[in-house]
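Heads up, start-v2.tsv below (TSV, C-alpha atoms):
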chain	number	residue	atom	x	y	z
Z	1	MET	CA	118.93	58.33	91.54
Z	2	GLY	CA	119.46	62.00	90.75
Z	3	VAL	CA	116.93	64.75	91.40
Z	4	SER	CA	117.19	68.35	90.27
Z	5	ALA	CA	114.43	70.68	91.40
Z	6	VAL	CA	113.40	74.29	91.65
Z	7	ILE	CA	111.39	74.89	94.84
Z	8	ASP	CA	109.52	77.94	96.04
Z	9	TYR	CA	110.01	77.91	99.82
Z	10	ARG	CA	108.39	81.26	100.63
Z	11	GLY	CA	105.20	79.63	101.96
Z	12	ARG	CA	104.83	77.30	104.90
Z	13	ARG	CA	105.39	74.21	102.76
Z	14	PRO	CA	107.85	73.73	99.90
Z	15	ARG	CA	106.21	74.09	96.49
Z	16	ILE	CA	107.86	72.41	93.51
Z	17	ILE	CA	108.07	74.71	90.51
Z	18	ALA	CA	109.98	72.27	88.30
Z	19	ALA	CA	111.88	69.02	88.81
Z	20	SER	CA	113.64	66.29	86.85
Z	21	VAL	CA	114.38	62.77	88.10
Z	22	THR	CA	116.95	60.33	86.76
Z	23	PHE	CA	117.10	56.90	88.35
Z	24	LYS	CA	118.49	53.44	87.73
Z	25	VAL	CA	116.96	50.32	89.19
Z	26	GLN	CA	119.37	47.62	90.38
Z	27	ARG	CA	118.08	44.11	90.93
Z	28	LYS	CA	119.90	43.65	94.24
Z	29	SER	CA	119.41	47.01	95.83
Z	30	PRO	CA	116.50	49.36	96.66
Z	31	ILE	CA	115.86	52.18	94.22
Z	32	TYR	CA	117.03	54.86	96.63
Z	33	ARG	CA	120.23	53.29	98.01
Z	34	ASP	CA	122.67	55.53	96.12
Z	35	ALA	CA	120.41	58.56	95.93
Z	36	LEU	CA	122.11	61.83	95.10
Z	37	PHE	CA	119.92	64.89	95.61
Z	38	VAL	CA	120.78	68.35	94.34
Z	39	PRO	CA	118.09	70.87	95.34
Z	40	ILE	CA	117.91	74.41	94.03
Z	41	VAL	CA	116.00	76.53	96.54
Z	42	ILE	CA	114.48	79.95	95.93
Z	43	THR	CA	113.89	81.62	99.26
Z	44	SER	CA	114.11	84.82	101.25
Z	45	GLU	CA	114.60	83.04	104.58
Z	46	GLN	CA	117.21	80.88	106.29
Z	47	ILE	CA	116.17	77.24	105.79
Z	48	ASP	CA	117.06	73.74	106.88
Z	49	ILE	CA	118.15	72.21	103.58
Z	50	ARG	CA	117.79	68.63	104.84
Z	51	ARG	CA	114.18	69.29	105.88
Z	52	VAL	CA	113.51	70.55	102.35
Z	53	TYR	CA	115.20	67.41	101.00
Z	54	ARG	CA	113.00	65.11	103.05
Z	55	SER	CA	109.84	66.93	101.96
Z	56	LEU	CA	110.77	66.80	98.30
Z	57	TYR	CA	111.97	63.21	98.57
Z	58	ARG	CA	108.57	62.05	99.81
Z	59	GLU	CA	106.82	64.04	97.11
Z	60	THR	CA	109.04	62.60	94.38
Z	61	ILE	CA	108.78	59.01	95.59
Z	62	ARG	CA	105.01	59.33	95.98
Z	63	PHE	CA	104.92	60.24	92.31
Z	64	LEU	CA	107.23	57.38	91.36
Z	65	ASN	CA	105.10	54.87	93.21
Z	66	THR	CA	102.13	55.79	91.06
Z	67	VAL	CA	103.82	55.64	87.65
Z	68	VAL	CA	106.89	53.43	87.98
Z	69	LYS	CA	106.95	49.66	88.43
Z	70	THR	CA	110.33	48.44	89.60
Z	71	GLN	CA	111.66	45.04	88.67
Z	72	GLU	CA	111.09	43.92	92.28
Z	73	ARG	CA	107.45	45.13	91.94
Z	74	SER	CA	107.72	46.69	95.39
Z	75	ARG	CA	106.73	50.11	96.55
Z	76	ILE	CA	109.30	52.45	98.05
Z	77	ASP	CA	109.05	53.10	101.76
Z	78	LEU	CA	108.32	56.75	102.61
Z	79	THR	CA	108.47	56.41	106.38
Z	80	HIS	CA	112.23	56.84	106.75
Z	81	PRO	CA	113.70	58.76	103.81
Z	82	PRO	CA	117.42	58.08	103.52
Z	83	VAL	CA	120.06	60.69	104.10
Z	84	PRO	CA	121.77	61.09	100.72
Z	85	ARG	CA	125.44	60.53	100.35
Z	86	TYR	CA	125.83	64.13	99.22
Z	87	VAL	CA	123.56	67.10	99.71
Z	88	VAL	CA	124.43	70.06	97.51
Z	89	ALA	CA	122.33	73.21	97.81
Z	90	ALA	CA	122.24	76.31	95.65
Z	91	VAL	CA	120.23	78.97	97.49
Z	92	LEU	CA	119.00	81.84	95.33
Z	93	ARG	CA	117.90	84.68	97.60
Z	94	ILE	CA	115.17	87.08	96.63
Z	95	SER	CA	116.39	90.66	96.73
Z	96	LYS	CA	114.60	93.12	98.99
Z	97	GLU	CA	113.64	95.25	96.01
Z	98	THR	CA	111.27	92.51	94.79
Z	99	ASN	CA	109.83	91.81	98.22
Z	100	TYR	CA	106.22	92.65	97.46
Z	101	ILE	CA	102.88	91.15	96.49
Z	102	GLU	CA	101.70	92.05	93.01
Z	103	VAL	CA	98.01	92.72	92.41
Z	104	LYS	CA	96.77	92.79	88.81
Z	105	ILE	CA	93.38	94.34	87.98
Z	106	PRO	CA	92.08	94.02	84.39
Z	107	GLU	CA	90.47	97.27	83.28
Z	108	ALA	CA	89.11	97.74	79.74
Z	109	HIS	CA	92.06	97.24	77.37
Z	110	GLU	CA	94.81	97.46	79.99
Z	111	THR	CA	95.88	95.90	83.25
Z	112	ILE	CA	96.46	97.97	86.38
Z	113	THR	CA	99.23	96.66	88.63
Z	114	LEU	CA	99.53	97.43	92.34
Z	115	LYS	CA	102.50	96.41	94.45
Z	116	ILE	CA	101.92	95.77	98.16
Z	117	PRO	CA	105.30	95.96	99.94
Z	118	LEU	CA	106.21	93.17	102.35
Z	119	ARG	CA	108.52	93.87	105.26
Z	120	ALA	CA	109.96	91.94	108.16
Z	121	PRO	CA	108.78	93.07	111.62
Z	122	SER	CA	111.25	95.34	113.45
Z	123	TRP	CA	110.11	94.49	116.99
Z	124	SER	CA	110.11	91.28	119.03
Z	125	PHE	CA	107.67	89.73	121.50
Z	126	ASP	CA	109.82	91.11	124.36
Z	127	ASP	CA	108.73	94.63	123.37
Z	128	ILE	CA	105.13	93.90	124.39
Z	129	PRO	CA	104.23	94.85	128.01
Z	130	PRO	CA	104.87	91.80	130.23
Z	131	LYS	CA	101.31	91.92	131.61
Z	132	LEU	CA	99.94	91.21	128.10
Z	133	ARG	CA	102.36	88.48	127.02
Z	134	GLU	CA	100.88	85.46	128.79
Z	135	ASP	CA	97.32	86.12	127.59
Z	136	LEU	CA	98.53	86.91	124.08
Z	137	GLU	CA	100.54	83.69	123.97
Z	138	THR	CA	97.55	81.62	125.13
Z	139	ILE	CA	94.83	83.27	123.05
Z	140	VAL	CA	96.68	84.30	119.87
Z	141	ILE	CA	100.21	82.97	119.40
Z	142	LYS	CA	99.94	79.26	120.31
Z	143	PRO	CA	96.65	78.58	118.43
Z	144	LEU	CA	97.98	80.28	115.29
Z	145	LEU	CA	101.33	78.49	115.43
Z	146	SER	CA	99.59	75.13	115.81
Z	147	GLY	CA	97.27	75.88	112.86
Z	148	ALA	CA	94.14	75.46	115.01
Z	149	SER	CA	90.87	76.16	113.20
Z	150	PHE	CA	89.62	78.11	116.22
Z	151	ALA	CA	92.59	80.51	116.23
Z	152	PRO	CA	91.67	84.21	116.08
Z	153	ARG	CA	92.00	85.82	112.65
Z	154	GLY	CA	91.35	89.46	113.54
Z	155	ILE	CA	92.87	91.74	116.22
Z	156	LEU	CA	92.24	95.39	117.10
Z	157	ILE	CA	94.85	97.26	119.16
Z	158	THR	CA	93.63	100.57	120.56
Z	159	GLY	CA	94.94	103.24	122.90
Z	160	PRO	CA	96.37	106.79	122.92
Z	161	PRO	CA	99.04	107.73	120.35
Z	162	GLY	CA	102.55	106.60	121.24
Z	163	VAL	CA	101.76	103.78	123.69
Z	164	GLY	CA	103.07	101.01	121.42
Z	165	LYS	CA	100.14	99.83	119.26
Z	166	SER	CA	102.15	99.47	116.04
Z	167	VAL	CA	105.07	97.99	118.00
Z	168	SER	CA	102.75	95.36	119.50
Z	169	ALA	CA	101.32	94.52	116.07
Z	170	GLU	CA	104.82	93.99	114.67
Z	171	ALA	CA	105.81	91.98	117.74
Z	172	ILE	CA	102.89	89.61	117.14
Z	173	ALA	CA	103.99	89.16	113.52
Z	174	SER	CA	107.55	88.52	114.68
Z	175	SER	CA	106.50	85.81	117.15
Z	176	LEU	CA	104.49	84.10	114.37
Z	177	LYS	CA	107.36	84.49	111.86
Z	178	LEU	CA	105.12	86.43	109.48
Z	179	ARG	CA	105.98	89.24	107.12
Z	180	ILE	CA	103.80	92.36	107.17
Z	181	ALA	CA	101.64	93.61	104.30
Z	182	GLU	CA	100.34	97.04	105.25
Z	183	ILE	CA	97.16	98.47	103.72
Z	184	ARG	CA	96.95	102.27	103.52
Z	185	PRO	CA	94.47	104.56	101.74
Z	186	SER	CA	97.22	105.59	99.31
Z	187	THR	CA	97.51	101.92	98.31
Z	188	TYR	CA	94.12	101.72	96.60
Z	189	ARG	CA	92.20	105.01	96.60
Z	190	SER	CA	91.60	106.52	93.16
Z	191	MET	CA	90.13	109.73	91.78
Z	192	TRP	CA	88.11	107.76	89.20
Z	193	TYR	CA	84.52	106.78	89.99
Z	194	GLY	CA	84.21	103.14	91.05
Z	195	MET	CA	87.95	102.46	90.82
Z	196	THR	CA	88.66	102.74	94.56
Z	197	GLU	CA	86.30	99.86	95.36
Z	198	LYS	CA	87.68	97.73	92.53
Z	199	LEU	CA	91.30	98.25	93.60
Z	200	LEU	CA	90.53	97.51	97.27
Z	201	GLU	CA	88.49	94.39	96.51
Z	202	ASN	CA	91.17	92.93	94.22
Z	203	THR	CA	93.92	93.78	96.71
Z	204	LEU	CA	92.18	91.95	99.56
Z	205	LYS	CA	91.27	89.04	97.29
Z	206	THR	CA	94.94	88.64	96.36
Z	207	LEU	CA	96.10	88.83	99.99
Z	208	LYS	CA	93.77	85.93	100.87
Z	209	ARG	CA	96.02	83.56	98.94
Z	210	TYR	CA	98.95	84.11	101.30
Z	211	ARG	CA	99.43	82.32	104.62
Z	212	ASP	CA	102.88	83.62	105.55
Z	213	ILE	CA	101.86	87.27	105.98
Z	214	MET	CA	100.03	89.47	108.47
Z	215	VAL	CA	97.78	92.17	107.03
Z	216	LEU	CA	98.26	95.38	109.02
Z	217	ILE	CA	95.78	98.27	108.81
Z	218	ASP	CA	97.51	100.95	110.88
Z	219	ASP	CA	95.50	103.98	112.06
Z	220	ALA	CA	92.33	102.32	110.81
Z	221	GLU	CA	90.14	105.39	111.44
Z	222	PHE	CA	90.18	106.06	107.69
Z	223	LEU	CA	87.71	103.15	107.48
Z	224	ALA	CA	85.10	105.42	109.09
Z	225	GLY	CA	81.86	103.72	110.11
Z	226	ARG	CA	78.75	103.92	107.97
Z	227	HIS	CA	77.03	105.99	110.68
Z	228	ILE	CA	79.37	108.92	110.02
Z	229	SER	CA	80.51	108.32	106.41
Z	230	LEU	CA	79.67	111.18	104.08
Z	231	HIS	CA	80.54	109.59	100.75
Z	232	GLU	CA	79.22	106.46	99.06
Z	233	THR	CA	82.77	105.33	98.33
Z	234	HIS	CA	83.56	105.15	102.06
Z	235	VAL	CA	80.43	103.04	102.63
Z	236	SER	CA	81.54	100.69	99.83
Z	237	GLU	CA	85.02	100.42	101.38
Z	238	ILE	CA	83.51	99.35	104.69
Z	239	SER	CA	81.37	96.69	103.00
Z	240	ILE	CA	84.39	95.26	101.18
Z	241	VAL	CA	86.50	95.19	104.35
Z	242	LEU	CA	83.65	93.55	106.30
Z	243	ASN	CA	83.42	90.78	103.70
Z	244	PHE	CA	87.19	90.30	103.89
Z	245	LEU	CA	87.15	90.09	107.69
Z	246	GLN	CA	84.26	87.59	107.53
Z	247	ASP	CA	86.37	85.09	105.54
Z	248	ARG	CA	87.99	82.57	107.92
Z	249	ASN	CA	90.57	81.65	105.26
Z	250	ARG	CA	92.12	85.10	105.23
Z	251	PRO	CA	95.56	85.75	106.77
Z	252	LEU	CA	95.82	87.21	110.27
Z	253	THR	CA	94.59	90.82	110.14
Z	254	VAL	CA	95.55	93.44	112.74
Z	255	LEU	CA	94.04	96.91	113.00
Z	256	THR	CA	95.29	99.75	115.18
Z	257	ALA	CA	93.19	102.77	116.14
Z	258	ASN	CA	93.45	105.75	118.49
Z	259	THR	CA	89.69	106.39	118.43
Z	260	PRO	CA	87.85	103.06	117.92
Z	261	GLU	CA	84.45	104.74	118.24
Z	262	LEU	CA	84.95	105.98	114.66
Z	263	LEU	CA	85.07	102.41	113.34
Z	264	ASP	CA	81.96	100.63	112.11
Z	265	PRO	CA	80.45	98.60	115.01
Z	266	ALA	CA	79.88	95.65	112.65
Z	267	MET	CA	83.63	95.44	112.13
Z	268	LEU	CA	84.30	94.86	115.81
Z	269	ARG	CA	82.07	91.85	116.40
Z	270	PRO	CA	83.53	88.37	117.10
Z	271	GLY	CA	84.23	86.46	113.90
Z	272	ARG	CA	85.69	89.57	112.30
Z	273	ILE	CA	87.68	91.09	115.15
Z	274	ASP	CA	88.12	88.28	117.68
Z	275	VAL	CA	90.49	90.01	120.11
Z	276	VAL	CA	90.66	93.66	121.24
Z	277	ILE	CA	93.84	94.80	122.98
Z	278	ILE	CA	93.48	98.03	124.98
Z	279	MET	CA	96.76	99.76	125.84
Z	280	GLY	CA	97.05	102.59	128.35
Z	281	PHE	CA	99.97	104.72	129.46
Z	282	PRO	CA	103.02	102.65	130.51
Z	283	ASP	CA	103.77	101.81	134.13
Z	284	LYS	CA	107.16	102.29	135.82
Z	285	ASP	CA	108.52	98.92	134.76
Z	286	MET	CA	107.55	99.47	131.12
Z	287	ARG	CA	109.05	102.99	131.05
Z	288	ARG	CA	112.32	101.57	132.37
Z	289	ARG	CA	112.29	98.90	129.65
Z	290	VAL	CA	111.60	101.49	126.95
Z	291	ALA	CA	114.41	103.75	128.19
Z	292	LEU	CA	116.93	100.88	128.25
Z	293	LYS	CA	115.85	99.74	124.76
Z	294	ALA	CA	116.22	103.28	123.43
Z	295	ALA	CA	119.67	103.67	125.00
Z	296	SER	CA	120.75	100.35	123.47
Z	297	ARG	CA	119.30	101.20	120.06
Z	298	TYR	CA	121.07	104.56	119.81
Z	299	GLY	CA	124.30	103.56	121.56
Z	300	ILE	CA	123.66	105.87	124.54
Z	301	THR	CA	125.32	105.40	127.94
Z	302	THR	CA	122.93	105.76	130.89
Z	303	GLU	CA	123.81	106.32	134.53
Z	304	GLU	CA	121.79	104.20	136.96
Z	305	ARG	CA	120.83	107.27	139.02
Z	306	ALA	CA	119.67	109.01	135.85
Z	307	LEU	CA	117.62	105.96	134.86
Z	308	GLU	CA	115.86	105.90	138.23
Z	309	GLU	CA	115.18	109.63	137.95
Z	310	LEU	CA	113.81	109.17	134.43
Z	311	VAL	CA	111.34	106.53	135.61
Z	312	ARG	CA	110.23	108.75	138.50
Z	313	THR	CA	109.73	111.94	136.47
Z	314	THR	CA	107.95	110.49	133.42
Z	315	ARG	CA	104.51	109.82	134.91
Z	316	TRP	CA	101.87	109.77	132.14
Z	317	PHE	CA	104.52	109.76	129.40
Z	318	THR	CA	103.95	107.53	126.37
Z	319	ASN	CA	106.58	105.07	125.15
Z	320	ALA	CA	107.40	107.39	122.25
Z	321	GLU	CA	107.95	110.33	124.62
Z	322	VAL	CA	110.25	108.29	126.87
Z	323	ASP	CA	112.28	107.40	123.77
Z	324	ALA	CA	112.38	111.09	122.76
Z	325	LEU	CA	113.46	112.12	126.28
Z	326	VAL	CA	116.39	109.68	126.22
Z	327	ARG	CA	117.56	111.07	122.87
Z	328	LEU	CA	117.17	114.66	124.02
Z	329	ALA	CA	119.10	114.04	127.25
Z	330	ALA	CA	121.85	112.29	125.29
Z	331	SER	CA	122.14	115.33	123.02
Z	332	LYS	CA	122.74	117.54	126.05
Z	333	GLY	CA	125.05	115.00	127.71
Z	334	GLU	CA	127.06	114.39	124.47
Z	335	GLY	CA	126.03	110.77	124.14
Z	336	LYS	CA	125.45	110.09	127.82
Z	337	VAL	CA	122.31	110.43	129.94
Z	338	THR	CA	123.20	111.99	133.30
Z	339	VAL	CA	120.98	113.41	136.03
Z	340	GLU	CA	121.87	116.95	134.93
Z	341	SER	CA	121.20	116.33	131.20
Z	342	LEU	CA	117.97	114.53	132.08
Z	343	GLU	CA	116.70	117.46	134.19
Z	344	TRP	CA	117.47	119.81	131.31
Z	345	ALA	CA	115.68	117.58	128.77
Z	346	ARG	CA	112.67	117.01	131.04
Z	347	ARG	CA	111.95	120.76	131.14
Z	348	LYS	CA	111.68	120.75	127.33
Z	349	ILE	CA	108.78	118.27	127.24
Z	350	VAL	CA	105.43	119.55	128.51
Z	351	ILE	CA	102.44	117.26	129.06
Z	352	ASN	CA	98.99	117.74	130.64
Z	353	GLU	CA	98.85	115.11	133.38
Z	354	GLY	CA	95.21	115.85	134.27
Z	355	TRP	CA	94.02	115.32	130.71
Z	356	ARG	CA	96.02	112.11	130.37
Z	357	ARG	CA	94.70	110.78	133.67
Z	358	SER	CA	91.16	111.37	132.39
Z	359	LEU	CA	91.96	109.68	129.07
Z	360	HIS	CA	93.42	106.71	130.92
Z	361	GLU	CA	90.18	106.28	132.86
Z	362	GLN	CA	88.16	106.44	129.64
Z	363	LEU	CA	90.05	103.37	128.46
Z	364	ARG	CA	88.36	101.37	131.21
Z	365	TRP	CA	85.02	102.40	129.74
Z	366	TYR	CA	86.23	101.20	126.31
Z	367	ALA	CA	87.08	97.85	127.88
Z	368	GLU	CA	83.45	97.39	128.92
Z	369	ARG	CA	82.13	98.56	125.56
Z	370	PHE	CA	83.71	95.88	123.38
Z	371	GLN	CA	81.57	92.73	123.22
Z	372	THR	CA	84.40	90.34	122.44
Z	373	ILE	CA	87.62	88.94	123.93
Z	374	THR	CA	89.36	91.92	125.53
Z	375	LEU	CA	92.96	92.04	126.75
Z	376	GLN	CA	93.78	95.07	128.90
Z	377	TYR	CA	97.00	96.84	129.73
Z	378	ILE	CA	95.61	99.74	131.76
Z	379	PRO	CA	97.90	100.17	134.80
Z	380	LYS	CA	96.53	101.59	138.04
Z	381	GLU	CA	97.53	105.15	138.88
Z	382	SER	CA	99.74	103.88	141.72
Z	383	GLU	CA	101.69	101.78	139.17
Z	384	ILE	CA	102.22	104.76	136.90
Target format structure tokens, applied to this file:
Amino acid sequence: MGVSAVIDYRGRRPRIIAASVTFKVQRKSPIYRDALFVPIVITSEQIDIRRVYRSLYRETIRFLNTVVKTQERSRIDLTHPPVPRYVVAAVLRISKETNYIEVKIPEAHETITLKIPLRAPSWSFDDIPPKLREDLETIVIKPLLSGASFAPRGILITGPPGVGKSVSAEAIASSLKLRIAEIRPSTYRSMWYGMTEKLLENTLKTLKRYRDIMVLIDDAEFLAGRHISLHETHVSEISIVLNFLQDRNRPLTVLTANTPELLDPAMLRPGRIDVVIIMGFPDKDMRRRVALKAASRYGITTEERALEELVRTTRWFTNAEVDALVRLAASKGEGKVTVESLEWARRKIVINEGWRRSLHEQLRWYAERFQTITLQYIPKESEI
């Protein structure tokens, strides 16, 4: 038997676009004994070609069993698909330039086309603070990976700027092997009356069809709550987003916000946003991790004494500021972070520790405000 097929393997299950089957029935042998399978796979990921073969084999034979009667009048066993004598694969990779979701909106005598870029996450689960990982794995990662119907579909990550909200969102996508589709105001807002709502609604409706993506709404304060919205368009946006978040069949949706009190309270209820992650300023262990990651990323050499000094002198720094300090010290040390270059760089960065201490305490109040599952990374002052 020979099978030639074109398969779209971008989703979670192979989808046959086109296939042709040629087979010859021999009286003394099963129909699949000398099977030769030549798949043509269209994909943007590394795949196990034999797993694709087995999936397509079952699909093909299931079809044959319904329309073909062999001379032995027996059905073909699907339990143990044979390993073909030869497996030849032609993998056609999708170029990065076409890595997007296309949204088409009919309007009068023309069609408006929006392109939502898709990107692979840049951060891994190891970049999330260790104190959050176990809870995240239990509440979010494992249920979603197992396809459980009770798995959370909406997450809000909040905290001061620079503490790693966007990094954590990408790390969640990475652990779930999802690509990221980011929604920004520039994606859909229009100067024409009524067009903003139409573009947003069609964009979200299109995104619902995909299961291998995570929808990211970064800095979600632009979806200002109805209690402070000044324009009817903003109120309409909120209503459309609320309907989207209400749909349990939507892809995983993650919002990040510095000031969650600006968001509509109806958006934050369970069923729409199931999990709230509150992130405070990093503790000593996290600052050390961030510094080492930054040094590795930029090819910077770090003295152990300088690293210990960095951790000690960066109380109330954000992750982004620790990263900036490493780069600044490396500039002074000509590619190396020393105690002397670190002391020089530290004097260039000024922060208000009192204000940040107060902000850190306010996060504890936020933790009590949210009436849903809340995961906290708010280190004690002694840990900072």
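Distance annotation: of Z:Pro185, Z:Glu197, Z:Pro160, Z:Ala345, the residue with the minimal separation from Leu359 in chain Z is Z:Pro160; atom set is all atoms listed in the file.
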Pairwise distance for CA of Lys348 in chain Z and CA of Glu381 in chain Z, rounded to one decimal in Å
24.0 Å
Which residues come within 7 Å of Val322 in chain Z, counting only C-alpha atoms, excluding same-chain residues fewer than 5 positions away, as a VMD selection string?
chain Z and resid 287 290 to 291 317
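As for CA of Arg184 in chain Z and CA of Thr158 in chain Z, they are spaced 17.4 Å apart.
Distances here use all atoms listed in the file; by that measure, the residue among Z:Gly271, Z:Pro260, Z:Gly147, Z:Gly333 closest to Arg211 in chain Z is Z:Gly147.
Across the model, the gap from CA of Gln376 in chain Z to CA of Glu321 in chain Z is 21.3 Å.
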Report as a compact mmCIF listing (two decimals) with C-alpha atoms, in the frame of the given file all protein, DNA and RNA residues lying within 7 Å of range 272-280 of chain Z, evaluated on only C-alpha atoms, omitting residues in the same chain fewer than 5 positions from it.
# COMPACT_ATOMS: atom_id res chain seq x y z
CA PRO Z 152 91.67 84.21 116.08
CA ARG Z 153 92.00 85.82 112.65
CA GLY Z 154 91.35 89.46 113.54
CA ILE Z 155 92.87 91.74 116.22
CA LEU Z 156 92.24 95.39 117.10
CA ILE Z 157 94.85 97.26 119.16
CA THR Z 158 93.63 100.57 120.56
CA GLY Z 159 94.94 103.24 122.90
CA PRO Z 160 96.37 106.79 122.92
CA VAL Z 163 101.76 103.78 123.69
CA LEU Z 245 87.15 90.09 107.69
CA GLN Z 246 84.26 87.59 107.53
CA MET Z 267 83.63 95.44 112.13
CA HIS Z 360 93.42 106.71 130.92
CA THR Z 372 84.40 90.34 122.44
CA ILE Z 373 87.62 88.94 123.93
CA THR Z 374 89.36 91.92 125.53
CA LEU Z 375 92.96 92.04 126.75
CA GLN Z 376 93.78 95.07 128.90
CA TYR Z 377 97.00 96.84 129.73
CA ILE Z 378 95.61 99.74 131.76
CA PRO Z 379 97.90 100.17 134.80
Polymer residues at most 7 Å from range 164-171 of chain Z, all atoms listed in the file, same-chain spacing of 6 or more positions, as a ChimeraX atom specification:
/Z:121-125,127-128,157-158,254,256,319
Output C-alpha atoms of each residue in that selection to a file, as a PDB file, in the frame of the given file.
ATOM      1  CA  PRO Z 121     108.780  93.070 111.620  1.00  0.00           C
ATOM      2  CA  SER Z 122     111.250  95.340 113.450  1.00  0.00           C
ATOM      3  CA  TRP Z 123     110.110  94.490 116.990  1.00  0.00           C
ATOM      4  CA  SER Z 124     110.110  91.280 119.030  1.00  0.00           C
ATOM      5  CA  PHE Z 125     107.670  89.730 121.500  1.00  0.00           C
ATOM      6  CA  ASP Z 127     108.730  94.630 123.370  1.00  0.00           C
ATOM      7  CA  ILE Z 128     105.130  93.900 124.390  1.00  0.00           C
ATOM      8  CA  ILE Z 157      94.850  97.260 119.160  1.00  0.00           C
ATOM      9  CA  THR Z 158      93.630 100.570 120.560  1.00  0.00           C
ATOM     10  CA  VAL Z 254      95.550  93.440 112.740  1.00  0.00           C
ATOM     11  CA  THR Z 256      95.290  99.750 115.180  1.00  0.00           C
ATOM     12  CA  ASN Z 319     106.580 105.070 125.150  1.00  0.00           C
TER      13      ASN Z 319
END
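Closest approach to Glu201 in chain Z among Z:Asn243, Z:Ser341, Z:Thr318, Z:Ser175: Z:Asn243, based on all atoms listed in the file.
When only C-alpha atoms are used to compute distances to Val337 in chain Z, the closest of the residues Z:Arg369, Z:Gly354, Z:Arg305, Z:Thr313 turns out to be Z:Arg305.
Residues of protein, DNA and RNA with at least one atom no farther than 12 Å from (102.9, 92.8, 133.9) are, using all atoms listed in the file, Asp126, Ile128, Pro129, Pro130, Lys131, Leu132, Arg133, Glu134, Asp135, Pro282, Asp283, Lys284, Asp285, Met286, Arg289, Gln376, Tyr377, Ile378, Pro379, Lys380 and Glu383 of chain Z.
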Could you save the residues just selected, with C-alpha atoms, as a CSV table (one decimal), keeping the file's coordinate frame?
chain,number,residue,atom,x,y,z
Z,126,ASP,CA,109.8,91.1,124.4
Z,128,ILE,CA,105.1,93.9,124.4
Z,129,PRO,CA,104.2,94.8,128.0
Z,130,PRO,CA,104.9,91.8,130.2
Z,131,LYS,CA,101.3,91.9,131.6
Z,132,LEU,CA,99.9,91.2,128.1
Z,133,ARG,CA,102.4,88.5,127.0
Z,134,GLU,CA,100.9,85.5,128.8
Z,135,ASP,CA,97.3,86.1,127.6
Z,282,PRO,CA,103.0,102.6,130.5
Z,283,ASP,CA,103.8,101.8,134.1
Z,284,LYS,CA,107.2,102.3,135.8
Z,285,ASP,CA,108.5,98.9,134.8
Z,286,MET,CA,107.6,99.5,131.1
Z,289,ARG,CA,112.3,98.9,129.6
Z,376,GLN,CA,93.8,95.1,128.9
Z,377,TYR,CA,97.0,96.8,129.7
Z,378,ILE,CA,95.6,99.7,131.8
Z,379,PRO,CA,97.9,100.2,134.8
Z,380,LYS,CA,96.5,101.6,138.0
Z,383,GLU,CA,101.7,101.8,139.2
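Residue nearest Leu255 in chain Z within the list Z:Tyr100, Z:Trp316, Z:Phe222, Z:Trp365: Z:Phe222 [criterion: smallest interatomic distance, all atoms listed in the file].
Polymer residues near (103.9, 87.9, 120.1): counting only C-alpha atoms with a cut-off of 7 Å, they are Phe125, Leu136, Glu137, Ile141, Ala171, Ile172, Ala173, Ser174, Ser175 and Leu176 of chain Z.
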Store the residues of this selection in a file with C-alpha atoms, as a compact mmCIF listing (two decimals), in the frame of the given file.
# COMPACT_ATOMS: atom_id res chain seq x y z
CA PHE Z 125 107.67 89.73 121.50
CA LEU Z 136 98.53 86.91 124.08
CA GLU Z 137 100.54 83.69 123.97
CA ILE Z 141 100.21 82.97 119.40
CA ALA Z 171 105.81 91.98 117.74
CA ILE Z 172 102.89 89.61 117.14
CA ALA Z 173 103.99 89.16 113.52
CA SER Z 174 107.55 88.52 114.68
CA SER Z 175 106.50 85.81 117.15
CA LEU Z 176 104.49 84.10 114.37
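Closest approach to Glu221 in chain Z among Z:Asn258, Z:Thr196, Z:Thr301, Z:Ser358 is made by Z:Asn258 (distances from only C-alpha atoms).
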